[in-house]
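J.: Sharing a structure, written as structure tokens. Questions coming.
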Amino acid sequence: MAANTRDLTEGPIWRALSAVSAPMALGIFAVLSVGIADAYFLGRIGATELASVGFIYPVTAAITSLAIGLSAGANAALSQSIGRDDDAQDTNRLALHTLALGTGLGIVVALLVLVLHPYLFALMGAGPEVQAAIAQYIPWWALSFPFLVLMMTINATFRAHGDGARSAIIMVISAAVNVALDPILIFGWGPIPAMEVAGAAQATAFARIAATGIAIGWALRSGIIRTCGNLGTGFAGSARSILKVGFPAAFSNAINPAGMAAVTAAVATLGETAVAGFGAATRVQSLALVPLLALSSGIGPVVGQNWGAKRQDRARGAVWLSWGVCLAYGAAAAAVLTLFGGWIASAIASDADAARFTEQYLRIVGWSLFGYGILVTGNAAMNARSKALWSTGLSLTRIFVVYLPLAWIGVAMFGFAGILVAAVLANLYAAWGAMVAGRATGLLATDAAPVRAPAELIGK
């Protein structure tokens, strides 16, 4: 392997997994804190502004899944190439093809969102005042989206080489700039006028552009990405390899936030205060899931490199280890959300009625978060070994067969409590479905290989 690549096919499995996952926890926390900051600052202005973020977040998260999917495709292709010990020039060209493909698709998607967003949010049930606030946000978000895609694919390249630290630092820089600019642009400062919702979007755009520039420079200096001649050579093959995982993974990752957008529409039948409370709760939930999302970022390179090196026993051991962490962490997070749910809700939602919805969600749905963790780590493992159709099917079933129908039935019969029950059942289904899919794809094989793997968990 290249000198700038961490070998994840040797040594204790826990060490290989934590080498990528641990720094990514900080990076993911930083990125998700931007959503919390937006909700906090805009919530200080009024319920309309907070509700606008409640509508915007699931939609932009669904669209951002394009970048996540391409990152998954890049990680699968690159980590398997590294595990096979392919020629370094071929691996580098594959990385460059990923960046070019992602940037082009990012521009196309941004233009579509810019044109179609008024119709989309109208379908979701946003009122005229909320739609006016949303219209201030979307143009700046569209401008920044191609930069986000480019930044995320560079980060995926770092992770495929076993370097989670640099990827995390880039994410932290982007989030830090965003959060620092938020109050200045939202409320105004000195000669800078208050721009409210538009200011939140501008802060995001400036942060993404700055962080992408840093990522490009760092990737070139570190040698993870290098310029080369004959860049077009093998592009079609690279695109097929990337998109074989990237398209299903993008769809799989889009399913959850797209489903959340549809669930938000169900919540909207209870009023914009319920949407504000539900939106605030899902942001807190995202922060609570950070360690599990970090695991999903770390398990991809571990499974990919080991599968490429024909070390399936280590890949399976990593899956079992990650699911054990999901169970243990999920119980601890649920206890915290139950004990401090009221205080957290009051801190993020200035409206007392919205805070009550937030508190209910955190105290009930929190006990099922382990299931969502098992889902995302299982999906990442399946993507890494080029079984993205299985992860797509699992996510699709969770949202459109379980969560969404039960949410609409539940809200009609029991109000907000019906939404909460639907969320819990969807997460429990996710855990069971991930185990079924893992067995079907060989990640939970019944032979002796996974029995031997735990010895490596403790360093033998």
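Just so we're on the same page: first chain in the structure tokens is A, next is B, and so on; residues restart at 1 for each chain, and ligands are numbered from 1 in the order they show up.
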Range 266-366 of chain A near range 413-437 of chain A within 7 Å: what's each residue's closest atom pair and its distance in Å to one decimal, counting only C-alpha atoms, ordered by chain then ascending residue number, as CSV?

T.:
```
residue,atom,partner,partner_atom,distance
A:Tyr361,CA,A:Leu420,CA,6.3
A:Ile364,CA,A:Leu420,CA,6.9
A:Val365,CA,A:Val424,CA,5.5
```

J.: For the selection just defined, write its residues with N, CA and C atoms to a file, as a short mmCIF file (atom, residue, chain, number, x, y, z; two decimals), in the first residue's frame.

T.:
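Saved as result-v8.cif:
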```
data_model
loop_
_atom_site.label_atom_id
_atom_site.label_comp_id
_atom_site.auth_asym_id
_atom_site.auth_seq_id
_atom_site.Cartn_x
_atom_site.Cartn_y
_atom_site.Cartn_z
N TYR A 361 -41.08 13.86 21.87
CA TYR A 361 -40.36 13.08 20.87
C TYR A 361 -39.08 12.50 21.46
N ILE A 364 -39.53 9.58 24.10
CA ILE A 364 -40.12 8.31 23.64
C ILE A 364 -39.28 7.69 22.53
N VAL A 365 -39.01 8.44 21.48
CA VAL A 365 -38.30 7.89 20.33
C VAL A 365 -36.84 7.59 20.67
#
```

J.: Got a sec: who's within 10 Å of Thr98 in chain A, counting only C-alpha atoms, leaving out chain neighbours fewer than 4 positions off, as a list in words?

T.: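 The contact residues come out as Leu70, Ser71, Gly73, Ala74, Asn75, Ala77, Leu78, Asn92, Arg93, Leu94, Gly102, Thr103, Leu150, Thr153, Ile154, Ala156, Thr157, Phe235, Ser238, Ala239, Ser241, Ile242 and Leu243 of chain A.
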
J.: Would you output that residue set with N, CA and C atoms, as a PDB file, in the first residue's frame?

T.:
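Final file, out_4.pdb:
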```pdb
ATOM      1  N   LEU A  70     -22.478   9.430  -3.551  1.00  0.00           N
ATOM      2  CA  LEU A  70     -21.234   9.457  -4.310  1.00  0.00           C
ATOM      3  C   LEU A  70     -20.043   9.175  -3.405  1.00  0.00           C
ATOM      4  N   SER A  71     -20.103   9.663  -2.175  1.00  0.00           N
ATOM      5  CA  SER A  71     -19.036   9.368  -1.225  1.00  0.00           C
ATOM      6  C   SER A  71     -18.967   7.869  -0.936  1.00  0.00           C
ATOM      7  N   GLY A  73     -19.977   5.509  -2.967  1.00  0.00           N
ATOM      8  CA  GLY A  73     -19.444   4.877  -4.165  1.00  0.00           C
ATOM      9  C   GLY A  73     -17.944   5.041  -4.267  1.00  0.00           C
ATOM     10  N   ALA A  74     -17.455   6.236  -3.956  1.00  0.00           N
ATOM     11  CA  ALA A  74     -16.014   6.485  -3.984  1.00  0.00           C
ATOM     12  C   ALA A  74     -15.299   5.627  -2.947  1.00  0.00           C
ATOM     13  N   ASN A  75     -15.883   5.558  -1.737  1.00  0.00           N
ATOM     14  CA  ASN A  75     -15.256   4.768  -0.687  1.00  0.00           C
ATOM     15  C   ASN A  75     -15.187   3.291  -1.060  1.00  0.00           C
ATOM     16  N   ALA A  77     -15.252   1.868  -4.110  1.00  0.00           N
ATOM     17  CA  ALA A  77     -14.322   1.640  -5.217  1.00  0.00           C
ATOM     18  C   ALA A  77     -12.877   1.827  -4.778  1.00  0.00           C
ATOM     19  N   LEU A  78     -12.613   2.909  -4.033  1.00  0.00           N
ATOM     20  CA  LEU A  78     -11.237   3.209  -3.649  1.00  0.00           C
ATOM     21  C   LEU A  78     -10.714   2.255  -2.579  1.00  0.00           C
ATOM     22  N   ASN A  92      -5.380   6.651  -8.028  1.00  0.00           N
ATOM     23  CA  ASN A  92      -5.435   8.109  -8.051  1.00  0.00           C
ATOM     24  C   ASN A  92      -6.365   8.605  -9.160  1.00  0.00           C
ATOM     25  N   ARG A  93      -6.287   7.997 -10.331  1.00  0.00           N
ATOM     26  CA  ARG A  93      -7.156   8.410 -11.432  1.00  0.00           C
ATOM     27  C   ARG A  93      -8.629   8.150 -11.072  1.00  0.00           C
ATOM     28  N   LEU A  94      -8.885   7.044 -10.387  1.00  0.00           N
ATOM     29  CA  LEU A  94     -10.236   6.747  -9.932  1.00  0.00           C
ATOM     30  C   LEU A  94     -10.739   7.838  -8.991  1.00  0.00           C
ATOM     31  N   GLY A 102     -18.805  13.981  -9.299  1.00  0.00           N
ATOM     32  CA  GLY A 102     -19.599  14.575  -8.239  1.00  0.00           C
ATOM     33  C   GLY A 102     -19.889  16.038  -8.464  1.00  0.00           C
ATOM     34  N   THR A 103     -18.893  16.785  -8.905  1.00  0.00           N
ATOM     35  CA  THR A 103     -19.085  18.216  -9.131  1.00  0.00           C
ATOM     36  C   THR A 103     -20.111  18.466 -10.230  1.00  0.00           C
ATOM     37  N   LEU A 150     -18.248  18.312  -3.729  1.00  0.00           N
ATOM     38  CA  LEU A 150     -16.809  18.185  -3.945  1.00  0.00           C
ATOM     39  C   LEU A 150     -16.080  17.943  -2.628  1.00  0.00           C
ATOM     40  N   THR A 153     -16.701  14.279  -1.383  1.00  0.00           N
ATOM     41  CA  THR A 153     -16.001  13.236  -2.121  1.00  0.00           C
ATOM     42  C   THR A 153     -14.499  13.246  -1.795  1.00  0.00           C
ATOM     43  N   ILE A 154     -13.938  14.427  -1.571  1.00  0.00           N
ATOM     44  CA  ILE A 154     -12.539  14.485  -1.120  1.00  0.00           C
ATOM     45  C   ILE A 154     -12.408  13.823   0.249  1.00  0.00           C
ATOM     46  N   ALA A 156     -14.266  11.471   1.452  1.00  0.00           N
ATOM     47  CA  ALA A 156     -14.402  10.027   1.270  1.00  0.00           C
ATOM     48  C   ALA A 156     -13.090   9.417   0.801  1.00  0.00           C
ATOM     49  N   THR A 157     -12.347  10.156  -0.012  1.00  0.00           N
ATOM     50  CA  THR A 157     -11.042   9.681  -0.475  1.00  0.00           C
ATOM     51  C   THR A 157     -10.071   9.556   0.691  1.00  0.00           C
ATOM     52  N   PHE A 235     -12.401   6.646 -17.721  1.00  0.00           N
ATOM     53  CA  PHE A 235     -13.446   7.367 -16.987  1.00  0.00           C
ATOM     54  C   PHE A 235     -14.766   6.591 -16.975  1.00  0.00           C
ATOM     55  N   SER A 238     -14.548   3.891 -14.446  1.00  0.00           N
ATOM     56  CA  SER A 238     -14.594   4.473 -13.093  1.00  0.00           C
ATOM     57  C   SER A 238     -16.013   4.889 -12.733  1.00  0.00           C
ATOM     58  N   ALA A 239     -16.699   5.537 -13.684  1.00  0.00           N
ATOM     59  CA  ALA A 239     -18.067   5.985 -13.426  1.00  0.00           C
ATOM     60  C   ALA A 239     -18.978   4.806 -13.120  1.00  0.00           C
ATOM     61  N   SER A 241     -18.074   1.918 -11.857  1.00  0.00           N
ATOM     62  CA  SER A 241     -17.699   1.379 -10.553  1.00  0.00           C
ATOM     63  C   SER A 241     -18.244   2.246  -9.418  1.00  0.00           C
ATOM     64  N   ILE A 242     -18.153   3.555  -9.595  1.00  0.00           N
ATOM     65  CA  ILE A 242     -18.616   4.485  -8.554  1.00  0.00           C
ATOM     66  C   ILE A 242     -20.139   4.498  -8.461  1.00  0.00           C
ATOM     67  N   LEU A 243     -20.789   4.595  -9.627  1.00  0.00           N
ATOM     68  CA  LEU A 243     -22.243   4.737  -9.634  1.00  0.00           C
ATOM     69  C   LEU A 243     -22.962   3.423  -9.332  1.00  0.00           C
TER      70      LEU A 243
END
```

J.: Compile the contact shell of Leu292 in chain A as a VMD selection string: residues with an atom at most 8 Å away, counting only C-alpha atoms, same-chain residues fewer than 6 positions apart removed.

T.: chain A and resid 326 373 376 to 377

J.: Measure the distance from CA of Ser296 in chain A to CA of Ile63 in chain A in Å and round it to one decimal.

T.: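 Going from CA of Ser296 in chain A over to CA of Ile63 in chain A covers 19.3 Å.
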
J.: Work out how far apart CA of Phe357 in chain A and CA of Gly279 in chain A are and give it in Å to one decimal.

T.: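 Computed distance, CA of Phe357 in chain A to CA of Gly279 in chain A, equals 9.6 Å.
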
J.: At a cut-off of 8 Å, using only C-alpha atoms, what residues contact Gly366 in chain A? Leave out same-chain residues fewer than 6 positions from it and give the result as a count of residues only.

T.: 6

J.: Just list the residues in range 301-446 of chain A DSSP gives alpha helix (DSSP H) on the backbone, as a VMD selection string.

T.: chain A and resid 301 to 308 312 to 348 352 to 365 369 to 384 388 to 397 404 to 414 416 to 440

J.: Generate a file of the selected residues that holds C-alpha atoms, formatted as a short mmCIF file (atom, residue, chain, number, x, y, z; two decimals), in the first residue's frame.

T.:
```
data_model
loop_
_atom_site.label_atom_id
_atom_site.label_comp_id
_atom_site.auth_asym_id
_atom_site.auth_seq_id
_atom_site.Cartn_x
_atom_site.Cartn_y
_atom_site.Cartn_z
CA PRO A 301 -13.25 1.64 4.72
CA VAL A 302 -12.69 -1.29 7.10
CA VAL A 303 -15.10 -3.58 5.25
CA GLY A 304 -13.97 -2.32 1.84
CA GLN A 305 -10.24 -2.80 2.38
CA ASN A 306 -10.70 -6.19 4.03
CA TRP A 307 -13.12 -7.45 1.42
CA GLY A 308 -10.73 -6.35 -1.32
CA GLN A 312 -13.97 -11.45 5.04
CA ASP A 313 -13.52 -12.68 8.63
CA ARG A 314 -12.30 -9.22 9.69
CA ALA A 315 -15.10 -7.49 7.82
CA ARG A 316 -17.68 -9.61 9.62
CA GLY A 317 -16.03 -9.02 12.96
CA ALA A 318 -16.21 -5.27 12.37
CA VAL A 319 -19.94 -5.51 11.68
CA TRP A 320 -20.60 -7.42 14.90
CA LEU A 321 -18.48 -4.98 16.88
CA SER A 322 -20.26 -1.93 15.46
CA TRP A 323 -23.68 -3.38 16.27
CA GLY A 324 -22.65 -4.07 19.84
CA VAL A 325 -21.62 -0.44 20.15
CA CYS A 326 -25.00 0.64 18.73
CA LEU A 327 -26.84 -1.30 21.44
CA ALA A 328 -24.69 0.00 24.31
CA TYR A 329 -24.62 3.61 23.16
CA GLY A 330 -28.32 3.59 22.27
CA ALA A 331 -29.26 2.66 25.84
CA ALA A 332 -27.05 5.41 27.29
CA ALA A 333 -28.37 8.06 24.88
CA ALA A 334 -31.98 7.10 25.61
CA ALA A 335 -31.41 7.52 29.36
CA VAL A 336 -29.93 11.00 28.85
CA LEU A 337 -32.78 12.12 26.57
CA THR A 338 -35.34 10.84 29.05
CA LEU A 339 -33.77 12.60 32.01
CA PHE A 340 -32.96 15.90 30.30
CA GLY A 341 -35.51 16.00 27.47
CA GLY A 342 -37.44 18.88 29.00
CA TRP A 343 -34.38 21.06 29.49
CA ILE A 344 -33.07 20.31 25.99
CA ALA A 345 -36.43 21.12 24.43
CA SER A 346 -36.71 24.44 26.25
CA ALA A 347 -33.18 25.40 25.21
CA ILE A 348 -33.74 24.89 21.49
CA ALA A 352 -43.39 26.73 24.99
CA ASP A 353 -45.91 24.78 22.90
CA ALA A 354 -43.24 23.76 20.38
CA ALA A 355 -40.96 22.71 23.25
CA ARG A 356 -43.61 20.30 24.54
CA PHE A 357 -43.68 18.51 21.18
CA THR A 358 -39.88 18.35 21.19
CA GLU A 359 -39.76 16.91 24.70
CA GLN A 360 -42.31 14.19 23.92
CA TYR A 361 -40.36 13.08 20.87
CA LEU A 362 -37.00 12.89 22.64
CA ARG A 363 -38.26 10.96 25.66
CA ILE A 364 -40.12 8.31 23.64
CA VAL A 365 -38.30 7.89 20.33
CA LEU A 369 -32.28 5.05 18.34
CA PHE A 370 -30.09 1.94 18.61
CA GLY A 371 -32.14 0.45 15.76
CA TYR A 372 -31.36 3.34 13.47
CA GLY A 373 -27.67 2.96 14.34
CA ILE A 374 -27.75 -0.70 13.34
CA LEU A 375 -29.42 0.33 10.08
CA VAL A 376 -26.84 2.96 9.05
CA THR A 377 -23.81 0.85 10.00
CA GLY A 378 -25.27 -2.18 8.24
CA ASN A 379 -26.03 -0.13 5.15
CA ALA A 380 -22.49 1.30 5.11
CA ALA A 381 -21.02 -2.19 5.36
CA MET A 382 -23.18 -3.47 2.51
CA ASN A 383 -22.29 -0.44 0.37
CA ALA A 384 -18.59 -1.01 1.02
CA ALA A 388 -25.92 -1.23 -2.29
CA LEU A 389 -29.22 -2.58 -3.63
CA TRP A 390 -29.72 -4.42 -0.34
CA SER A 391 -29.17 -1.28 1.72
CA THR A 392 -31.52 0.63 -0.58
CA GLY A 393 -34.24 -1.99 -0.20
CA LEU A 394 -33.88 -1.98 3.58
CA SER A 395 -34.14 1.81 3.85
CA LEU A 396 -37.00 1.91 1.35
CA THR A 397 -39.01 -0.63 3.30
CA LEU A 404 -44.74 6.72 6.60
CA PRO A 405 -48.01 4.72 6.51
CA LEU A 406 -48.00 4.34 10.29
CA ALA A 407 -47.26 8.06 10.75
CA TRP A 408 -50.26 9.15 8.68
CA ILE A 409 -52.54 6.58 10.28
CA GLY A 410 -51.19 7.46 13.72
CA VAL A 411 -51.57 11.24 13.38
CA ALA A 412 -55.14 10.79 12.15
CA MET A 413 -56.08 8.56 15.08
CA PHE A 414 -53.89 9.72 17.98
CA PHE A 416 -48.66 13.62 17.73
CA ALA A 417 -48.47 10.42 19.80
CA GLY A 418 -49.18 8.46 16.62
CA ILE A 419 -46.10 10.00 14.99
CA LEU A 420 -43.96 8.89 17.93
CA VAL A 421 -45.20 5.30 17.86
CA ALA A 422 -44.55 5.13 14.13
CA ALA A 423 -40.96 6.35 14.61
CA VAL A 424 -40.26 3.75 17.30
CA LEU A 425 -41.65 0.87 15.23
CA ALA A 426 -39.67 1.99 12.18
CA ASN A 427 -36.41 1.96 14.14
CA LEU A 428 -37.12 -1.47 15.64
CA TYR A 429 -37.86 -2.81 12.16
CA ALA A 430 -34.55 -1.30 10.97
CA ALA A 431 -32.55 -3.39 13.45
CA TRP A 432 -34.29 -6.62 12.47
CA GLY A 433 -34.08 -5.85 8.75
CA ALA A 434 -30.35 -5.06 8.92
CA MET A 435 -29.68 -8.46 10.44
CA VAL A 436 -31.68 -10.21 7.73
CA ALA A 437 -29.91 -8.26 4.98
CA GLY A 438 -26.51 -8.82 6.60
CA ARG A 439 -27.02 -12.56 6.57
CA ALA A 440 -28.20 -12.49 2.95
#
```

J.: Taking only C-alpha atoms into account, which of A:Leu270, A:Ala198, A:Ala51, A:Ile224 comes nearest Gly127 in chain A?

T.: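 Closest to Gly127 in chain A, using only C-alpha atoms: A:Ala51.
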
J.: Mind giving me the straight-line distance from CA of Val34 in chain A to CA of Leu220 in chain A in Å, one decimal?

T.: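 Rounded to one decimal, the two atoms are 27.5 Å apart.
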